[in-house]
Structures are given as C-alpha cells and as structure tokens.
$ cat start-v5.cif   # mmCIF, C-alpha atoms
data_protein
#
loop_
_atom_site.label_atom_id
_atom_site.label_comp_id
_atom_site.auth_asym_id
_atom_site.auth_seq_id
_atom_site.Cartn_x
_atom_site.Cartn_y
_atom_site.Cartn_z
CA MET A 24 13.48 1.89 48.46
CA SER A 25 10.79 2.06 45.82
CA ARG A 26 11.37 0.06 42.60
CA ALA A 27 10.59 3.27 40.71
CA PHE A 28 14.00 4.61 41.66
CA VAL A 29 16.06 1.52 40.95
CA LYS A 30 17.93 1.41 37.66
CA GLY A 31 17.09 -1.84 35.94
CA ASP A 32 18.61 -3.69 33.04
CA ASP A 33 17.88 -1.75 29.82
CA THR A 34 18.54 -4.73 27.58
CA ASP A 35 14.94 -5.98 27.97
CA LEU A 36 12.89 -3.77 25.65
CA SER A 37 9.85 -6.07 25.70
CA GLY A 38 7.60 -3.21 26.82
CA GLU A 39 8.83 -1.05 23.97
CA GLU A 40 8.83 -3.58 21.13
CA LEU A 41 7.19 -2.45 17.95
CA PRO A 42 4.04 -4.26 16.96
CA GLU A 43 4.16 -6.17 13.69
CA ARG A 44 2.84 -4.36 10.64
CA PRO A 45 -0.65 -5.67 9.89
CA ILE A 46 -0.94 -8.01 6.92
CA SER A 47 -4.06 -7.64 4.82
CA PRO A 48 -6.35 -10.68 4.68
CA HIS A 49 -7.08 -9.94 1.00
CA PRO A 50 -5.18 -11.35 -1.99
CA ASN A 51 -2.02 -9.34 -2.61
CA TYR A 52 -2.63 -8.23 -6.20
CA VAL A 53 0.14 -6.02 -7.60
CA THR A 54 0.86 -4.21 -10.83
CA ALA A 55 4.27 -4.64 -12.46
CA GLU A 56 5.26 -1.25 -11.00
CA GLY A 57 4.00 -2.31 -7.59
CA LEU A 58 6.09 -5.47 -7.64
CA VAL A 59 9.18 -3.41 -8.51
CA MET A 60 8.34 -1.02 -5.66
CA LEU A 61 8.05 -3.90 -3.17
CA ARG A 62 11.42 -5.34 -4.29
CA GLN A 63 13.11 -1.92 -4.11
CA ARG A 64 11.78 -1.28 -0.62
CA TYR A 65 12.94 -4.72 0.55
CA ASP A 66 16.40 -4.14 -0.96
CA GLU A 67 16.64 -0.67 0.66
CA LEU A 68 15.73 -2.11 4.06
CA SER A 69 18.22 -4.98 3.61
CA ALA A 70 21.00 -2.48 2.88
CA GLN A 71 20.06 -0.37 5.93
CA HIS A 72 19.99 -3.51 8.08
CA ALA A 73 23.44 -4.58 6.89
CA ALA A 74 24.86 -1.09 7.50
CA LEU A 75 23.49 -0.97 11.05
CA LYS A 76 24.76 -4.47 11.84
CA ALA A 77 28.21 -3.58 10.48
CA ALA A 78 28.41 -0.72 12.99
CA GLU A 79 28.56 -3.38 15.76
CA GLN A 80 28.30 -1.68 19.17
CA ASP A 81 27.34 1.75 17.88
CA PHE A 82 24.15 0.76 16.07
CA ASP A 83 20.73 2.15 16.89
CA LYS A 84 18.82 -0.78 18.44
CA PRO A 85 15.33 0.75 18.11
CA ARG A 86 16.03 1.58 14.46
CA LEU A 87 17.32 -1.95 13.88
CA SER A 88 14.12 -3.37 15.40
CA ALA A 89 12.00 -1.18 13.11
CA ILE A 90 13.99 -2.26 10.04
CA GLU A 91 13.72 -5.94 10.98
CA ARG A 92 9.97 -5.60 11.45
CA ASP A 93 9.63 -3.90 8.04
CA LEU A 94 11.83 -6.55 6.43
CA ARG A 95 9.47 -9.24 7.73
CA TYR A 96 6.50 -7.32 6.35
CA PHE A 97 7.96 -6.72 2.87
CA SER A 98 9.30 -10.27 2.68
CA GLN A 99 5.78 -11.59 3.31
CA ARG A 100 4.27 -9.14 0.80
CA LEU A 101 6.77 -10.23 -1.87
CA ASP A 102 6.09 -13.90 -1.15
CA SER A 103 2.32 -13.38 -1.44
CA ALA A 104 2.37 -11.00 -4.43
CA ILE A 105 0.05 -11.91 -7.32
CA LEU A 106 1.17 -10.07 -10.44
CA VAL A 107 -1.80 -8.97 -12.55
CA ASP A 108 -1.05 -8.59 -16.26
CA ALA A 109 -2.97 -5.48 -17.36
CA SER A 110 -2.78 -6.56 -21.00
CA LYS A 111 -5.03 -9.51 -20.15
CA GLN A 112 -7.73 -7.33 -18.60
CA ALA A 113 -10.91 -6.40 -20.48
CA GLN A 114 -9.68 -3.17 -22.09
CA ASP A 115 -13.16 -1.63 -22.35
CA GLU A 116 -14.00 -2.17 -18.69
CA VAL A 117 -12.50 -0.90 -15.43
CA ARG A 118 -10.43 -3.64 -13.79
CA PHE A 119 -7.34 -3.92 -11.62
CA GLY A 120 -4.51 -1.83 -13.10
CA ALA A 121 -6.82 0.50 -15.03
CA THR A 122 -6.33 4.23 -15.14
CA VAL A 123 -9.73 5.86 -15.14
CA GLU A 124 -10.66 9.42 -16.02
CA ALA A 125 -14.04 10.42 -14.63
CA GLY A 126 -16.02 13.62 -14.24
CA ASP A 127 -18.07 14.59 -11.22
CA GLY A 128 -21.33 16.57 -11.10
CA GLU A 129 -19.42 19.82 -10.57
CA GLY A 130 -17.50 19.63 -13.86
CA ARG A 131 -14.20 18.49 -12.34
CA VAL A 132 -12.27 15.67 -13.98
CA HIS A 133 -10.48 13.14 -11.77
CA ARG A 134 -7.88 10.54 -12.69
CA PHE A 135 -7.48 7.34 -10.69
CA LYS A 136 -5.38 4.21 -11.09
CA ILE A 137 -6.54 1.01 -9.40
CA VAL A 138 -3.53 -0.67 -7.78
CA GLY A 139 -2.50 -3.05 -5.01
CA GLU A 140 -2.81 -2.15 -1.35
CA ASP A 141 0.91 -1.39 -0.90
CA GLU A 142 0.95 0.79 -4.03
CA ALA A 143 -1.97 3.01 -3.04
CA ASP A 144 -1.13 6.71 -2.76
CA VAL A 145 -4.05 9.12 -2.70
CA HIS A 146 -1.76 12.07 -3.53
CA THR A 147 -0.89 10.55 -6.91
CA GLY A 148 -4.37 9.21 -7.65
CA LYS A 149 -3.44 5.57 -6.99
CA ILE A 150 -6.24 3.83 -5.13
CA SER A 151 -6.30 0.36 -3.62
CA TRP A 152 -8.52 -2.17 -5.33
CA GLN A 153 -10.11 -2.58 -1.89
CA ALA A 154 -11.12 1.11 -1.60
CA PRO A 155 -14.80 2.08 -1.86
CA LEU A 156 -14.00 4.21 -4.92
CA ALA A 157 -12.38 1.26 -6.69
CA ASP A 158 -15.37 -0.86 -5.77
CA ALA A 159 -17.64 1.70 -7.45
CA LEU A 160 -15.44 1.90 -10.57
CA ILE A 161 -14.66 -1.79 -11.19
CA GLY A 162 -16.84 -3.19 -13.93
CA ALA A 163 -17.83 0.22 -15.33
CA ARG A 164 -17.37 1.21 -18.99
CA VAL A 165 -16.88 4.52 -20.76
CA GLY A 166 -20.09 6.53 -20.53
CA ASP A 167 -21.32 4.76 -17.38
CA THR A 168 -22.16 6.73 -14.27
CA VAL A 169 -21.18 5.15 -10.96
CA LYS A 170 -22.17 6.04 -7.41
CA TRP A 171 -19.28 6.45 -5.02
CA HIS A 172 -20.40 6.00 -1.40
CA ARG A 173 -18.30 8.38 0.71
CA PRO A 174 -18.46 9.45 4.35
CA ALA A 175 -19.03 13.02 3.10
CA GLY A 176 -22.00 11.83 1.07
CA ASP A 177 -22.51 9.94 -2.15
CA ALA A 178 -21.01 11.30 -5.36
CA GLU A 179 -21.67 10.34 -8.96
CA LEU A 180 -18.84 9.97 -11.44
CA GLU A 181 -19.16 9.58 -15.20
CA ILE A 182 -16.47 7.44 -16.79
CA HIS A 183 -14.72 9.37 -19.59
CA SER A 184 -11.83 7.04 -20.41
CA ILE A 185 -10.18 3.77 -19.40
CA SER A 186 -6.58 2.90 -20.17
CA TYR A 187 -4.08 0.27 -19.13
#
$ encode --input "start-v5.cif" --output "structure tokens"
Amino acid sequence: MSRAFVKGDDTDLSGEELPERPISPHPNYVTAEGLVMLRQRYDELSAQHAALKAAEQDFDKPRLSAIERDLRYFSQRLDSAILVDASKQAQDEVRFGATVEAGDGEGRVHRFKIVGEDEADVHTGKISWQAPLADALIGARVGDTVKWHRPAGDAELEIHSISY
C-alpha cells in the first residue's frame, strides 16, 4: 500500500511549524509609547498563553505555537529596547520621536511621527526611523525642503513644523 494512504502520527508537526518572526539587525529604538505598547503586547500574549495551557487537552496547538513564537519575539524586543528621551533631542531639528508636518508640491500637508520599527503604522502616520521617508526627514529643520526617494518617483516635502 502506498504511504500516501497510511495515517501517520499527527503529533509531529515539524513540517507545519511556524517560522520565527524576523528580528531586525538595527538598534531597537523605541519611544515611551512604543515601550508601553511592547509591554502590553507581551502581557496580552502571556495571558492568552496561560489561558490556552489551562484548557489542558482542549487547547488549540497551532494557536499555542503561534503565541509562543510571538512571546519569544516580544521578549527579545523588550530586552533589546533602547528608550529614546524625546526631551533630549534637538527640538529645532527632526530626530527620532519627532512629529513632522510637511507640505508637498501639490499643496497637501502631511503629518508623520518617526518611531521605532515595532511602532510603525502607516495608517496613523507613524513611520519607522529606518524608512526612506524618515531618512529624508532626519536632520531637517523648519523651512527646509527634503527629497523623498520613492518607488513612485521622488517627491519634495517642505518642513512646516517639528514637535516632540
């Protein structure tokens, strides 16, 4: 009989294991809000893990594996977090933690906050300090025009305001 039709032992999930979440090779700079977010996410995952383990035989093994993987990731990110104090940044220059208001050549005004990699959320205007846009903005001052190199073509942004 072909092995394809033989029921094997389902306890070995080695072919279905989740890969580890990639860890950035860059320093793990975080804002105060980002550090709180990392701790909250770790605590949420710890609670979910405890609840699944308490269910004993009825727990969802794939879900447990995903939670354990994420716990390893967030534990490492918390251990490597470097809190950046925005009050110690040059207030007249774009640096990590800055909220920047900038206008483009079409008269639109954009608002960005430069944050850590785990905090980045394009929908809320939070960009990673490793993003090309952050690279263009860092070091700029009010009134400066920066060139943002994008896949859709370069764009120029004029810095209107910087706040921390």
$ closest_residue --input "start-v5.cif" --among "A:Glu142, A:Leu61, A:Asp66, A:Val53" --to "Phe119 of chain A" --atoms "all atoms listed in the file"
A:Val53
$ atom_distance --input "start-v5.cif" --atom1 "atom CA of Trp152 of chain A" --atom2 "atom CA of Leu94 of chain A"
23.9 Å
$ atom_distance --input "start-v5.cif" --atom1 "atom CA of Ile105 of chain A" --atom2 "atom CA of Thr54 of chain A"
8.5 Å
$ atom_distance --input "start-v5.cif" --atom1 "atom CA of Ile46 of chain A" --atom2 "atom CA of Met60 of chain A"
17.1 Å
$ closest_residue --input "start-v5.cif" --among "A:Glu40, A:Glu140, A:Asp108, A:Glu91" --to "Leu68 of chain A" --atoms "all atoms listed in the file"
A:Glu91
$ closest_residue --input "start-v5.cif" --among "A:Ala113, A:Val107, A:Leu156, A:Ala163" --to "Ala178 of chain A" --atoms "only C-alpha atoms"
A:Leu156
$ resolve_selection --input "start-v5.cif" --expression "the PyMOL selection byres ((chain A and resi 123) around 12)" --output "number ranges by chain"
A: 114-122, 124-126, 132-138, 148-150, 156-157, 159-167, 180-187
$ closest_residue --input "start-v5.cif" --among "A:Thr168, A:Ser103, A:Ser98, A:Ser69" --to "Gly139 of chain A" --atoms "all atoms listed in the file"
A:Ser103
